[in-house]
Every structure is written in structure tokens, then in C-alpha cells.
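*Asks:* Have a peek at coords14.txt (compact mmCIF, C-alpha atoms).
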# COMPACT_ATOMS: atom_id res chain seq x y z
CA MET Z 1 17.82 -41.72 -19.63
CA PRO Z 2 17.02 -38.02 -20.36
CA SER Z 3 19.60 -36.10 -22.30
CA ARG Z 4 21.62 -33.25 -20.77
CA LYS Z 5 19.78 -30.81 -23.03
CA ARG Z 6 16.40 -31.83 -21.61
CA LYS Z 7 17.73 -31.57 -18.05
CA ASN Z 8 18.95 -28.04 -18.70
CA SER Z 9 15.59 -27.04 -20.17
CA ARG Z 10 13.87 -28.27 -17.01
CA LEU Z 11 16.23 -26.30 -14.81
CA LYS Z 12 15.55 -23.14 -16.79
CA LYS Z 13 11.80 -23.66 -16.69
CA LYS Z 14 10.14 -21.10 -14.42
CA PRO Z 15 8.01 -22.38 -11.55
CA ARG Z 16 4.30 -22.24 -12.22
CA VAL Z 17 2.55 -19.46 -10.31
CA SER Z 18 -0.63 -20.67 -8.60
CA PRO Z 19 -3.07 -17.98 -7.43
CA VAL Z 20 -5.21 -20.44 -5.43
CA ALA Z 21 -4.10 -19.06 -2.06
CA PHE Z 22 -4.78 -15.41 -2.97
CA ILE Z 23 -8.47 -15.06 -2.06
CA PRO Z 24 -8.31 -17.20 1.14
CA LEU Z 25 -5.29 -15.25 2.42
CA LEU Z 26 -6.95 -11.95 1.55
CA PHE Z 27 -10.16 -12.94 3.33
CA LEU Z 28 -8.39 -14.21 6.45
CA SER Z 29 -6.20 -11.11 6.56
CA PHE Z 30 -9.27 -8.89 6.54
CA ILE Z 31 -11.08 -10.88 9.25
CA PHE Z 32 -8.08 -10.82 11.60
CA TRP Z 33 -7.34 -7.15 10.84
CA PHE Z 34 -10.99 -6.23 11.49
CA LEU Z 35 -10.97 -8.06 14.83
CA TYR Z 36 -7.63 -6.54 15.76
CA ARG Z 37 -8.83 -3.00 15.02
CA GLY Z 38 -12.20 -3.52 16.71
CA LEU Z 39 -11.12 -5.33 19.88
CA PHE Z 40 -7.70 -3.87 20.68
CA GLU Z 41 -6.17 -0.44 20.95
CA PHE Z 42 -2.39 -0.45 20.91
CA PRO Z 43 0.01 2.49 20.57
CA VAL Z 44 1.04 3.64 17.10
CA TRP Z 45 4.53 2.12 17.34
CA PHE Z 46 2.99 -1.33 17.95
CA ASP Z 47 0.42 -1.04 15.15
CA GLU Z 48 2.98 0.07 12.57
CA THR Z 49 5.64 -2.50 13.44
CA ILE Z 50 4.37 -5.69 15.06
CA GLY Z 51 0.68 -5.37 14.14
CA LYS Z 52 1.11 -4.75 10.43
CA ALA Z 53 4.04 -7.14 10.21
CA ILE Z 54 1.66 -9.89 11.37
CA PHE Z 55 -1.50 -8.95 9.48
CA PHE Z 56 0.08 -7.52 6.31
CA GLY Z 57 3.62 -8.89 6.11
CA LEU Z 58 2.95 -12.52 7.10
CA PRO Z 59 0.22 -13.17 4.46
CA VAL Z 60 2.52 -11.81 1.74
CA TRP Z 61 5.34 -14.08 2.87
CA LEU Z 62 3.00 -17.10 2.93
CA TYR Z 63 1.68 -16.28 -0.53
CA ILE Z 64 5.18 -16.06 -1.98
CA LEU Z 65 6.02 -19.45 -0.45
CA VAL Z 66 2.87 -21.09 -1.79
CA SER Z 67 2.69 -19.46 -5.23
CA GLY Z 68 6.35 -18.86 -6.03
CA GLN Z 69 5.43 -15.37 -7.31
CA LYS Z 70 8.86 -13.81 -6.76
CA ASN Z 71 8.03 -10.57 -8.58
CA ILE Z 72 6.31 -9.41 -5.37
CA SER Z 73 9.64 -9.03 -3.61
CA GLU Z 74 11.13 -7.70 -6.85
CA THR Z 75 9.09 -4.52 -6.38
CA PHE Z 76 11.56 -3.64 -3.60
CA ALA Z 77 14.73 -4.64 -5.46
CA SER Z 78 17.72 -2.44 -4.61
CA TYR Z 79 18.22 -1.27 -8.20
CA LYS Z 80 14.76 0.36 -8.08
CA ALA Z 81 15.49 2.42 -4.98
CA LYS Z 82 16.91 5.60 -6.55
CA ARG Z 83 14.24 6.06 -9.22
CA GLY Z 84 11.54 4.97 -6.80
CA MET Z 85 12.46 7.53 -4.15
CA MET Z 86 12.72 10.35 -6.69
CA MET Z 87 9.35 9.49 -8.19
CA GLY Z 88 7.84 9.15 -4.72
CA ILE Z 89 9.02 12.63 -3.74
CA ALA Z 90 7.65 14.09 -6.99
CA VAL Z 91 4.24 12.44 -6.63
CA GLY Z 92 4.09 13.16 -2.89
CA GLY Z 93 4.90 16.80 -3.62
CA LEU Z 94 1.97 16.90 -6.05
CA TYR Z 95 -0.30 15.46 -3.35
CA GLY Z 96 0.93 18.15 -0.96
CA PHE Z 97 0.29 20.95 -3.45
CA LEU Z 98 -3.26 19.78 -4.14
CA ALA Z 99 -4.00 19.37 -0.42
CA THR Z 100 -2.71 22.88 0.27
CA LEU Z 101 -5.04 24.32 -2.36
CA LEU Z 102 -7.94 22.38 -0.85
CA ALA Z 103 -7.09 23.63 2.66
CA VAL Z 104 -6.95 27.23 1.44
CA TRP Z 105 -10.26 26.79 -0.37
CA GLN Z 106 -11.93 25.29 2.73
CA ARG Z 107 -10.52 27.45 5.52
CA GLY Z 108 -8.58 30.25 3.87
CA VAL Z 109 -5.45 29.40 5.86
CA VAL Z 110 -2.23 27.55 5.17
CA ILE Z 111 -0.14 25.53 7.62
CA PRO Z 112 3.30 27.16 8.15
CA ALA Z 113 5.72 25.91 5.50
CA MET Z 114 8.52 24.98 7.92
CA PRO Z 115 7.22 22.22 10.22
CA PHE Z 116 10.54 20.34 9.78
CA GLU Z 117 12.13 22.02 12.79
CA SER Z 118 9.78 20.17 15.12
CA GLY Z 119 10.87 16.81 16.50
CA ILE Z 120 7.23 15.71 16.46
CA PHE Z 121 7.19 16.11 12.67
CA TRP Z 122 10.04 13.64 12.18
CA TYR Z 123 8.50 11.24 14.72
CA GLU Z 124 5.24 11.25 12.74
CA PHE Z 125 7.11 11.00 9.45
CA PHE Z 126 8.92 7.85 10.62
CA TRP Z 127 5.61 6.15 11.41
CA ALA Z 128 4.18 7.41 8.11
CA MET Z 129 7.06 5.66 6.36
CA MET Z 130 6.33 2.44 8.26
CA THR Z 131 2.67 2.68 7.27
CA GLY Z 132 3.66 3.32 3.67
CA PHE Z 133 5.94 0.29 3.59
CA TRP Z 134 3.53 -2.30 5.02
CA GLU Z 135 0.52 -1.03 3.06
CA THR Z 136 2.46 -0.83 -0.21
CA LEU Z 137 3.76 -4.37 0.33
CA PHE Z 138 0.29 -5.73 1.04
CA PHE Z 139 -2.13 -3.77 -1.15
CA PHE Z 140 0.04 -3.25 -4.22
CA SER Z 141 3.08 -5.56 -4.32
CA PHE Z 142 0.81 -8.42 -3.17
CA VAL Z 143 -2.84 -7.67 -3.99
CA PHE Z 144 -2.26 -5.91 -7.32
CA LEU Z 145 0.23 -8.44 -8.70
CA ALA Z 146 -1.80 -11.40 -7.41
CA THR Z 147 -4.92 -9.89 -9.00
CA GLN Z 148 -3.14 -9.77 -12.36
CA VAL Z 149 -2.30 -13.47 -12.02
CA LYS Z 150 -5.70 -14.51 -10.66
CA PHE Z 151 -7.76 -12.48 -13.14
CA PRO Z 152 -5.56 -12.08 -16.25
CA LYS Z 153 -8.54 -11.40 -18.53
CA TRP Z 154 -9.73 -8.42 -16.52
CA THR Z 155 -9.17 -4.99 -18.02
CA LEU Z 156 -6.76 -2.62 -16.29
CA MET Z 157 -9.73 -0.58 -15.02
CA LYS Z 158 -11.29 -3.63 -13.34
CA GLN Z 159 -7.99 -4.56 -11.72
CA VAL Z 160 -7.38 -1.02 -10.46
CA LEU Z 161 -10.94 -0.70 -9.10
CA PHE Z 162 -10.65 -4.09 -7.39
CA VAL Z 163 -7.37 -3.16 -5.68
CA ALA Z 164 -8.71 0.27 -4.66
CA GLY Z 165 -11.83 -1.44 -3.28
CA ILE Z 166 -9.74 -3.82 -1.19
CA PHE Z 167 -7.74 -0.84 0.11
CA LEU Z 168 -10.96 0.91 1.14
CA VAL Z 169 -12.48 -2.14 2.82
CA PHE Z 170 -9.39 -2.66 4.97
CA HIS Z 171 -9.41 1.03 5.99
CA LEU Z 172 -13.11 1.24 6.84
CA PRO Z 173 -12.83 -0.09 10.43
CA ASN Z 174 -10.29 2.56 11.41
CA THR Z 175 -12.22 5.29 9.56
CA ILE Z 176 -15.49 4.43 11.34
CA LEU Z 177 -13.73 4.36 14.73
CA ARG Z 178 -12.01 7.73 14.23
CA PHE Z 179 -14.72 9.78 12.48
CA GLN Z 180 -18.43 10.39 12.75
CA GLY Z 181 -21.26 11.49 10.50
CA PRO Z 182 -20.46 13.16 7.15
CA ALA Z 183 -16.73 13.13 7.99
CA ILE Z 184 -16.73 9.37 7.35
CA PHE Z 185 -17.90 9.82 3.76
CA TYR Z 186 -15.36 12.60 3.22
CA GLN Z 187 -12.55 10.36 4.45
CA VAL Z 188 -13.75 7.43 2.32
CA PHE Z 189 -13.80 9.72 -0.72
CA LEU Z 190 -10.21 10.88 -0.05
CA LEU Z 191 -9.04 7.31 0.56
CA GLY Z 192 -10.71 6.16 -2.65
CA LEU Z 193 -8.99 8.81 -4.74
CA PHE Z 194 -5.67 8.04 -3.08
CA ALA Z 195 -6.05 4.30 -3.65
CA LEU Z 196 -6.89 4.79 -7.33
CA GLY Z 197 -3.90 7.07 -7.81
CA GLN Z 198 -1.53 4.69 -6.05
CA ALA Z 199 -2.83 1.69 -8.00
CA LEU Z 200 -2.28 3.44 -11.33
CA LEU Z 201 1.15 4.62 -10.20
CA PHE Z 202 2.08 1.07 -9.23
CA TYR Z 203 0.86 -0.26 -12.58
CA VAL Z 204 3.16 2.14 -14.40
CA GLU Z 205 6.22 1.81 -12.16
CA GLU Z 206 5.92 -1.52 -10.27
CA ASN Z 207 8.22 0.15 -7.77
CA GLY Z 208 7.54 -0.22 -4.07
CA TYR Z 209 9.81 2.66 -3.08
CA THR Z 210 7.73 5.11 -5.12
CA LEU Z 211 4.54 4.18 -3.33
CA VAL Z 212 6.12 4.12 0.14
CA ILE Z 213 7.43 7.69 -0.22
CA SER Z 214 4.27 9.06 -1.83
CA HIS Z 215 2.13 7.28 0.78
CA ALA Z 216 4.17 8.72 3.64
CA LEU Z 217 4.05 12.25 2.21
CA TRP Z 218 0.29 11.95 1.65
CA GLY Z 219 -0.14 10.94 5.30
CA MET Z 220 1.91 13.92 6.48
CA VAL Z 221 -0.06 16.26 4.22
CA LEU Z 222 -3.33 15.11 5.79
CA LEU Z 223 -1.83 15.46 9.27
CA LEU Z 224 -0.62 19.02 8.64
CA HIS Z 225 -3.60 20.38 6.74
CA PHE Z 226 -6.57 18.42 8.08
Would you mind writing the file out in C-alpha cells?
*Replies:*
Amino acid sequence: MPSRKRKNSRLKKKPRVSPVAFIPLLFLSFIFWFLYRGLFEFPVWFDETIGKAIFFGLPVWLYILVSGQKNISETFASYKAKRGMMMGIAVGGLYGFLATLLAVWQRGVVIPAMPFESGIFWYEFFWAMMTGFWETLFFFSFVFLATQVKFPKWTLMKQVLFVAGIFLVFHLPNTILRFQGPAIFYQVFLLGLFALGQALLFYVEENGYTLVISHALWGMVLLLHF
């Protein structure tokens, strides 16, 4: 009969994290997302709530159940909210400043600095926040952390490039549908820089709130300036 000490050590033992489901879930998520984007055209409110909850939220939930990797949900722990939001505003503000300089350089004009009085602005900002949440949960809380478990011997650069590549691949269908010609390459370039920046930011902070806010502000910057 095992001693009480051995029983306690078993109870304290952390569950083993298995990354086996990572690649299959990632592949299936892309296939279904590609078909969804290519075959259907739903309003923004549907895409950013029901659509992404199914294609981004559900795979993350399944992975947590299968692998037991609880640190995915830990990226949105309540104690991280304050610092995360402050960092997100700071980084998002930097994105906005750089985009403003780029807009001035390209067109010599600046969008008026007070768009906040418009109800449309806050409508778009709400959906930008929804986009930021689902994409942060999927591409960073899930893909980045699962990559670290699946490929622990990879260097940080390889992990960041892999996550940024996954981000780009998932965004290509929408980019091809919305843009034509050289504009596609320009958008891919911007998305690539954004994905690299977000991946590095997540590596440093491991804070979902930071990425949600910075993602939403980046989306609003592109909407206002480009």
C-alpha cells in the first residue's frame, strides 16, 4: 500500500503536456477557415463573433482539453489585465504614430485627429477588439505556446518566424479577395511586419490583453489612414 507521502507527490505532479494534437488542429482550422472565407460572405458581426468563435476559439478549447496546456488560458488571467491594457495602448500608439508618418510620406495628408466623435468609429473599434481577441487567442496564446512545446529545441527566431508565417497563411485568403495586383504584396508585407512584432511582444509579455489592444489599434490605424 503506497504511503501518504507518495500519494501527495502524485497529486502535486503536473499533468504531462502532449503536443500531438497541435499540427492536426492547426491544419484542420486552416482548411475550414479557407473554405469559409472562399465560399461564404457573412456580415462583419457574424465573422467576428460566431465565425471566429468556431474556427479560432473551438480548436483552442479542444487543444487545451487534449493537451492539458493550461498556460494558454493563463495569458488572459485577470491579474494581467491592467498591465496588459496599458502596454497595449502604448504599443498601439506607436503603431499609430508610424502609420501616420507613412501616410504623410505617401500622400502628404493626415486624417483628422478627432475621429472619436463619430459613432461609426466606435462601431468599428468594437469589431476591431473582437478581431484582436480571437486572433490573439488563436495565433499567439495557442499557436505560439504550442510551438514552444512542440519544438522546444527551436531558436526564438525560428519560433517567431513560424508563428508569423502561420498568421500570414491564415490571412492570405481574405487579402487576395479584398485586394488586387501590387496591393496584395503591400498588404502581405504590412501583415508580416505586424505578425513579427506581435509575436515578439507576446514572447516578452505572454499577456493576451496587450496583444488584443495593440491589434485593435493597429486595425483602426489602417482603417483611418489607408
*Asks:* Measuring atom to atom with only C-alpha atoms, identify which of Z:Arg178, Z:Arg37, Z:Lys80, Z:His215 is nearest to Ala128 of chain Z.
*Replies:* Z:His215
*Asks:* What's around Leu161 of chain Z at 10 Å? Count only C-alpha atoms, leave out sequence neighbours fewer than 4 positions away in its own chain, and write the answer as a list in words.
*Replies:*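 The residues that qualify are Leu156, Met157, Gly165, Ile166, Phe167, Gly192, Ala195, Leu196, Ala199 and Leu200 of chain Z.
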*Asks:* Excluding Leu168 of chain Z and residues on its chain fewer than 6 positions from it, collect all residues at most 10 Å away from it, counting all atoms listed in the file, and give them as a ChimeraX atom specification.
*Replies:* /Z:162,175,188-189,191-192,194-195
*Asks:* Skipping near chain neighbours, those fewer than 4 positions away, what residues fall within 9 Å of Val20 of chain Z using all atoms listed in the file, listed as a short mmCIF file (atom, residue, chain, number, x, y, z; two decimals) with C-alpha atoms, in the coordinates of the input?
*Replies:*
data_model
loop_
_atom_site.label_atom_id
_atom_site.label_comp_id
_atom_site.auth_asym_id
_atom_site.auth_seq_id
_atom_site.Cartn_x
_atom_site.Cartn_y
_atom_site.Cartn_z
CA PRO Z 24 -8.31 -17.20 1.14
CA VAL Z 66 2.87 -21.09 -1.79
CA SER Z 67 2.69 -19.46 -5.23
CA LYS Z 150 -5.70 -14.51 -10.66
#
*Asks:* I'd like the interatomic distance between atom CA of Val91 of chain Z and atom CA of Ile72 of chain Z, to a tenth of an Å.
*Replies:*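 Spanning atom CA of Val91 of chain Z to atom CA of Ile72 of chain Z is a straight-line distance of 22.0 Å.
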*Asks:* To one decimal place in Å, what is the distance between atom CA of Phe151 of chain Z and atom CA of Ser29 of chain Z?
*Replies:*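 Atom-to-atom, atom CA of Phe151 of chain Z to atom CA of Ser29 of chain Z, that is 19.8 Å.
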*Asks:* Could you pull the residues within 12 Å of Glu124 of chain Z, counting only C-alpha atoms, minus those fewer than 6 positions along the same chain, as number ranges by chain?
*Replies:* Z: 44-45, 48, 115-116, 118, 130-131, 216-217, 219-224
*Asks:* When distances are computed from all atoms listed in the file, which of Z:Gly68, Z:Tyr123, Z:Pro19, Z:Phe46 shows the smallest separation from Pro152 of chain Z?
*Replies:* Z:Pro19
*Asks:* So the first atom is atom CA of Gly38 of chain Z and the second is atom CA of Leu145 of chain Z; what is the distance between them in Å, to one decimal place?
*Replies:*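 Between atom CA of Gly38 of chain Z and atom CA of Leu145 of chain Z the gap is 28.7 Å.
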*Asks:* With all atoms listed in the file as the counted atoms, please give the residues lying no more than 12 Å from Phe138 of chain Z, apart from itself and same-chain residues fewer than 2 positions off, as a ChimeraX atom specification.
*Replies:* /Z:22,25-26,29-30,52-64,72-73,75,131-136,140-146,163,166-167,170,208,211-212
*Asks:* Using only C-alpha atoms, pick whichever of Z:Leu94, Z:Val104, Z:Leu28, Z:Leu137 has the shortest atom-to-atom distance to Phe76 of chain Z.
*Replies:*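 The closest residue to Phe76 of chain Z is Z:Leu137.
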*Asks:* For each of Z:Ile50, Z:Met129, Z:Ala81, Z:Leu102, take the minimum atom-to-atom distance to Ile213 of chain Z, counting all atoms listed in the file, then give the residue where this is smallest.
*Replies:*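 That would be Z:Met129, the residue with the smallest distance to Ile213 of chain Z.
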*Asks:* With only C-alpha atoms as the atoms that count, which of Z:Ile31, Z:Leu172, Z:Met85, Z:Ala164 lies nearest to Glu205 of chain Z?
*Replies:*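 Closest to Glu205 of chain Z, using only C-alpha atoms: Z:Met85.
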*Asks:* Restricting the calculation to only C-alpha atoms, which member of Z:Phe32, Z:Ile120, Z:Gln187, Z:Gln69 is positioned closest to Gly51 of chain Z?
*Replies:*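 Smallest separation from Gly51 of chain Z among the options: Z:Phe32.
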